[in-house]
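**Q** Structure provided below as structure tokens; questions to follow.
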Amino acid sequence: MIGHVVKTTFIALGVGFITELTNSWLGSEFLHTFLAQNLVTILIALLAINATTMGIVLTKVREMVDSKGSASCFKRTRDQMLLSIKEQIALVVIAISILSIKGSEHIIAIDNAELLLNVAIIGVFVYSLMVLYDTAKSVLIIIDFDG
């Protein structure tokens with residue numbers, strides 16, 4: 001599980017870095033402004049969507065366990081769902097922290113601090129989209145499950 005979190009973090013930060021370089025090259029402030037105003041709201045909405053989706057998935061899992069009696073094969077699924085919720089809560093806390101720090105004149109005075117904070121903010125957004133994708137995949141896995 002830790003390996004998956006580290007891998008996802010590096011992918012999200014890599015995409016964040018490339019996006020920030022592109023954004024900087026284009027001279028656009030749209031993404032920075034959009035994420036500064038909406039990131040926390042988006043993260044909470046995605047958390048709600050994922051929690052609802054997980055509720056539906058768990059209902060289907062319960063039906064399958066009751067009919068086929070194979071609860072042990074869903075232990076990893078349960079663990080991944082719990083990890084997903086923990087990741088999303090951590091993303092909300094990280095986003096609030098980074099956005100608060102980014103507003104500080106003391107931090108912005110540090111060389112490349114703005115670049116690093118922008119990469120981190122975009123990385124948080126990308127990570128949240130990857131979590132959403134994983135949750136959507138779980139629905140498809142449940143649909144294809146044979147037991």
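Going by the structure tokens order, chains are called A, B, ..., each with residues numbered from 1, while ligands are numbered from 1 in the order shown.
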Report as CSV the residues of stretch 61-124 of chain A within 12 Å of stretch 139-143 of chain A, each with its shortest atom pair and distance in Å (one decimal), using only C-alpha atoms, ordered by chain and increasing residue number.

**A**
```
residue,atom,partner,partner_atom,distance
A:Val61,CA,A:Ile142,CA,7.4
A:Arg62,CA,A:Ile142,CA,11.1
A:Glu63,CA,A:Ile142,CA,11.1
A:Met64,CA,A:Ile142,CA,9.4
A:Val65,CA,A:Ile142,CA,11.8
A:Cys73,CA,A:Ile142,CA,11.9
A:Phe74,CA,A:Ile142,CA,10.2
A:Thr77,CA,A:Ile142,CA,10.1
A:Met81,CA,A:Val139,CA,11.7
```

**Q** Residues at most 8 Å from stretch 21-32 of chain A, counting only C-alpha atoms, excluding those fewer than 4 positions away in the same chain, as a list in words?

**A**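 The contact residues come out as Phe17, Ala36 and Asn118 of chain A.
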
**Q** Could you write those residues out with C-alpha atoms, as a CSV table (one decimal), in the first residue's frame?

**A**
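Writing the result to out13.csv gives the following:
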```
chain,number,residue,atom,x,y,z
A,17,PHE,CA,5.7,20.0,-12.5
A,36,ALA,CA,-6.6,28.8,-5.2
A,118,ASN,CA,2.3,25.7,-7.4
```

**Q** If you count only C-alpha atoms, which residues fall within 12 Å of A:Ile101, apart from same-chain ones fewer than 3 positions away, as a VMD selection string?

**A** chain A and resid 36 94 to 98 104 to 110 113 to 114 116 to 118 120 to 121

**Q** Of the residues A:Leu132, A:Ala45, A:Lys60, A:Phe125, which is the one nearest to A:Val15, using only C-alpha atoms?

**A**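 Among the listed residues, A:Phe125 lies closest to A:Val15.
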
**Q** Could you check how far atom CA of A:Lys68 sits from atom CA of A:Ile56, in Å to one decimal?

**A**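 Going from atom CA of A:Lys68 over to atom CA of A:Ile56, I get 18.4 Å.
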
**Q** Residues near stretch 8-13 of chain A, anyone? I mean within 6 Å using only C-alpha atoms, not counting same-chain ones fewer than 4 positions away, as a PyMOL selection string.

**A** chain A and resi 17+123+126-127

**Q** Could you write those residues out with all heavy atoms, as a PDB file, in the first residue's frame?

**A**
```pdb
ATOM      1  N   PHE A  17       4.488  19.257 -12.063  1.00  0.00           N
ATOM      2  CA  PHE A  17       5.672  19.993 -12.511  1.00  0.00           C
ATOM      3  C   PHE A  17       5.559  20.339 -13.993  1.00  0.00           C
ATOM      4  O   PHE A  17       5.783  21.486 -14.396  1.00  0.00           O
ATOM      5  CB  PHE A  17       6.940  19.180 -12.238  1.00  0.00           C
ATOM      6  CG  PHE A  17       8.204  19.889 -12.622  1.00  0.00           C
ATOM      7  CD1 PHE A  17       8.665  20.966 -11.875  1.00  0.00           C
ATOM      8  CD2 PHE A  17       8.921  19.485 -13.725  1.00  0.00           C
ATOM      9  CE1 PHE A  17       9.833  21.632 -12.220  1.00  0.00           C
ATOM     10  CE2 PHE A  17      10.093  20.139 -14.088  1.00  0.00           C
ATOM     11  CZ  PHE A  17      10.545  21.213 -13.341  1.00  0.00           C
ATOM     12  N   GLY A 123      -0.205  19.117  -8.024  1.00  0.00           N
ATOM     13  CA  GLY A 123      -0.018  17.707  -7.687  1.00  0.00           C
ATOM     14  C   GLY A 123      -1.142  17.171  -6.818  1.00  0.00           C
ATOM     15  O   GLY A 123      -1.610  16.041  -7.005  1.00  0.00           O
ATOM     16  N   VAL A 126      -4.107  16.633  -9.113  1.00  0.00           N
ATOM     17  CA  VAL A 126      -3.903  15.447  -9.957  1.00  0.00           C
ATOM     18  C   VAL A 126      -4.056  14.177  -9.128  1.00  0.00           C
ATOM     19  O   VAL A 126      -4.698  13.209  -9.562  1.00  0.00           O
ATOM     20  CB  VAL A 126      -2.520  15.500 -10.644  1.00  0.00           C
ATOM     21  CG1 VAL A 126      -2.189  14.185 -11.334  1.00  0.00           C
ATOM     22  CG2 VAL A 126      -2.463  16.653 -11.643  1.00  0.00           C
ATOM     23  N   TYR A 127      -3.505  14.160  -7.920  1.00  0.00           N
ATOM     24  CA  TYR A 127      -3.617  12.993  -7.040  1.00  0.00           C
ATOM     25  C   TYR A 127      -5.086  12.689  -6.761  1.00  0.00           C
ATOM     26  O   TYR A 127      -5.518  11.532  -6.800  1.00  0.00           O
ATOM     27  CB  TYR A 127      -2.861  13.256  -5.737  1.00  0.00           C
ATOM     28  CG  TYR A 127      -2.577  12.028  -4.914  1.00  0.00           C
ATOM     29  CD1 TYR A 127      -1.287  11.578  -4.730  1.00  0.00           C
ATOM     30  CD2 TYR A 127      -3.599  11.313  -4.289  1.00  0.00           C
ATOM     31  CE1 TYR A 127      -1.010  10.451  -3.966  1.00  0.00           C
ATOM     32  CE2 TYR A 127      -3.346  10.192  -3.523  1.00  0.00           C
ATOM     33  CZ  TYR A 127      -2.050   9.770  -3.369  1.00  0.00           C
ATOM     34  OH  TYR A 127      -1.795   8.652  -2.614  1.00  0.00           O
TER      35      TYR A 127
END
```

**Q** If we count only C-alpha atoms and set the cut-off at 10 Å, which residues sit around A:Ile85, ignoring sequence neighbours fewer than 2 positions away in its own chain? Please answer as a list in words.

**A** Leu47, Ala48, Asn50, Ala51, Met54, Gln80, Met81, Leu82, Leu83, Glu87, Gln88, Ile89, Ala90, Leu91 and Val131 of chain A

**Q** Just write the chosen residues, all heavy atoms, as a short mmCIF file (atom, residue, chain, number, x, y, z; two decimals), in the first residue's frame.

**A**
```
data_model
loop_
_atom_site.label_atom_id
_atom_site.label_comp_id
_atom_site.auth_asym_id
_atom_site.auth_seq_id
_atom_site.Cartn_x
_atom_site.Cartn_y
_atom_site.Cartn_z
N LEU A 47 -14.40 13.77 -2.42
CA LEU A 47 -14.50 12.89 -1.26
C LEU A 47 -15.93 12.40 -1.09
O LEU A 47 -16.17 11.21 -0.86
CB LEU A 47 -14.02 13.61 0.00
CG LEU A 47 -14.15 12.87 1.32
CD1 LEU A 47 -13.37 11.57 1.31
CD2 LEU A 47 -13.68 13.77 2.46
N ALA A 48 -16.89 13.29 -1.24
CA ALA A 48 -18.30 12.91 -1.11
C ALA A 48 -18.71 11.95 -2.23
O ALA A 48 -19.40 10.95 -1.98
CB ALA A 48 -19.18 14.16 -1.14
N ASN A 50 -16.74 9.92 -3.91
CA ASN A 50 -16.09 8.63 -3.68
C ASN A 50 -16.72 7.87 -2.53
O ASN A 50 -16.88 6.65 -2.59
CB ASN A 50 -14.59 8.81 -3.44
CG ASN A 50 -13.84 9.07 -4.73
OD1 ASN A 50 -14.32 8.77 -5.81
ND2 ASN A 50 -12.65 9.61 -4.61
N ALA A 51 -17.09 8.56 -1.48
CA ALA A 51 -17.74 7.90 -0.34
C ALA A 51 -19.08 7.30 -0.77
O ALA A 51 -19.41 6.17 -0.39
CB ALA A 51 -17.93 8.88 0.81
N MET A 54 -18.38 4.30 -2.95
CA MET A 54 -17.95 3.18 -2.10
C MET A 54 -19.12 2.54 -1.38
O MET A 54 -19.15 1.32 -1.21
CB MET A 54 -16.90 3.65 -1.10
CG MET A 54 -15.56 3.86 -1.70
SD MET A 54 -14.41 4.36 -0.42
CE MET A 54 -13.21 5.22 -1.39
N GLN A 80 -8.21 -1.06 0.57
CA GLN A 80 -7.97 -0.01 -0.43
C GLN A 80 -8.99 1.12 -0.31
O GLN A 80 -8.66 2.29 -0.50
CB GLN A 80 -7.99 -0.61 -1.84
CG GLN A 80 -6.78 -1.45 -2.17
CD GLN A 80 -5.49 -0.67 -2.14
OE1 GLN A 80 -5.42 0.47 -2.59
NE2 GLN A 80 -4.46 -1.27 -1.57
N MET A 81 -10.23 0.78 0.01
CA MET A 81 -11.26 1.81 0.19
C MET A 81 -10.94 2.68 1.39
O MET A 81 -11.08 3.91 1.34
CB MET A 81 -12.63 1.17 0.32
CG MET A 81 -13.16 0.62 -0.96
SD MET A 81 -14.77 -0.13 -0.72
CE MET A 81 -15.29 -0.34 -2.40
N LEU A 82 -10.51 2.06 2.47
CA LEU A 82 -10.13 2.82 3.66
C LEU A 82 -8.93 3.71 3.36
O LEU A 82 -8.91 4.89 3.75
CB LEU A 82 -9.82 1.86 4.82
CG LEU A 82 -9.46 2.51 6.14
CD1 LEU A 82 -10.60 3.40 6.63
CD2 LEU A 82 -9.14 1.44 7.18
N LEU A 83 -7.96 3.19 2.64
CA LEU A 83 -6.79 3.99 2.24
C LEU A 83 -7.23 5.17 1.39
O LEU A 83 -6.74 6.30 1.57
CB LEU A 83 -5.79 3.12 1.48
CG LEU A 83 -4.59 3.86 0.89
CD1 LEU A 83 -3.73 4.46 2.00
CD2 LEU A 83 -3.77 2.94 0.02
N GLU A 87 -6.44 9.00 2.14
CA GLU A 87 -5.72 9.82 1.17
C GLU A 87 -6.48 11.11 0.89
O GLU A 87 -5.88 12.20 0.85
CB GLU A 87 -5.53 9.06 -0.15
CG GLU A 87 -4.50 7.98 -0.13
CD GLU A 87 -4.49 7.19 -1.42
OE1 GLU A 87 -5.57 6.92 -1.98
OE2 GLU A 87 -3.39 6.83 -1.88
N GLN A 88 -7.77 11.00 0.69
CA GLN A 88 -8.56 12.18 0.35
C GLN A 88 -8.64 13.18 1.51
O GLN A 88 -8.58 14.38 1.28
CB GLN A 88 -9.94 11.77 -0.10
CG GLN A 88 -9.90 11.09 -1.46
CD GLN A 88 -11.27 10.73 -1.94
OE1 GLN A 88 -11.93 9.89 -1.35
NE2 GLN A 88 -11.69 11.38 -3.01
N ILE A 89 -8.74 12.68 2.72
CA ILE A 89 -8.74 13.58 3.88
C ILE A 89 -7.38 14.26 3.99
O ILE A 89 -7.29 15.47 4.23
CB ILE A 89 -9.11 12.82 5.16
CG1 ILE A 89 -10.58 12.41 5.10
CG2 ILE A 89 -8.84 13.67 6.41
CD1 ILE A 89 -11.02 11.44 6.17
N ALA A 90 -6.31 13.50 3.78
CA ALA A 90 -4.96 14.07 3.81
C ALA A 90 -4.81 15.13 2.71
O ALA A 90 -4.19 16.18 2.95
CB ALA A 90 -3.92 12.98 3.64
N LEU A 91 -5.37 14.88 1.53
CA LEU A 91 -5.27 15.86 0.44
C LEU A 91 -5.96 17.17 0.80
O LEU A 91 -5.46 18.24 0.47
CB LEU A 91 -5.87 15.28 -0.85
CG LEU A 91 -5.06 14.19 -1.54
CD1 LEU A 91 -5.86 13.58 -2.68
CD2 LEU A 91 -3.73 14.72 -2.04
N VAL A 131 -7.25 9.24 -7.48
CA VAL A 131 -8.06 8.52 -6.50
C VAL A 131 -9.47 8.30 -7.05
O VAL A 131 -10.04 7.21 -6.92
CB VAL A 131 -8.10 9.27 -5.15
CG1 VAL A 131 -9.12 8.66 -4.21
CG2 VAL A 131 -6.72 9.28 -4.50
#
```

**Q** What does the distance from atom CA of A:Asp79 to atom CA of A:Met130 come to in Å, to one decimal?

**A**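 That distance, rounded to one decimal, is 17.1 Å.
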
**Q** Between A:Ile42, A:Ile122, A:Val57, A:Ile49, which has the minimum distance to A:Val92 (counting only C-alpha atoms)?

**A**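 Of all the options, A:Ile42 lies closest to A:Val92.
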
**Q** Here is a test: counting only C-alpha atoms, which residue of A:Lys86, A:Thr135, A:Leu115, A:Thr41 is nearest to A:Val5?

**A** A:Lys86

**Q** Have a look at atom CA of A:Ala136 and atom CA of A:Thr53 and let me know their distance in Å, one decimal.

**A**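 Value for the atom CA of A:Ala136-atom CA of A:Thr53 distance: 8.0 Å.
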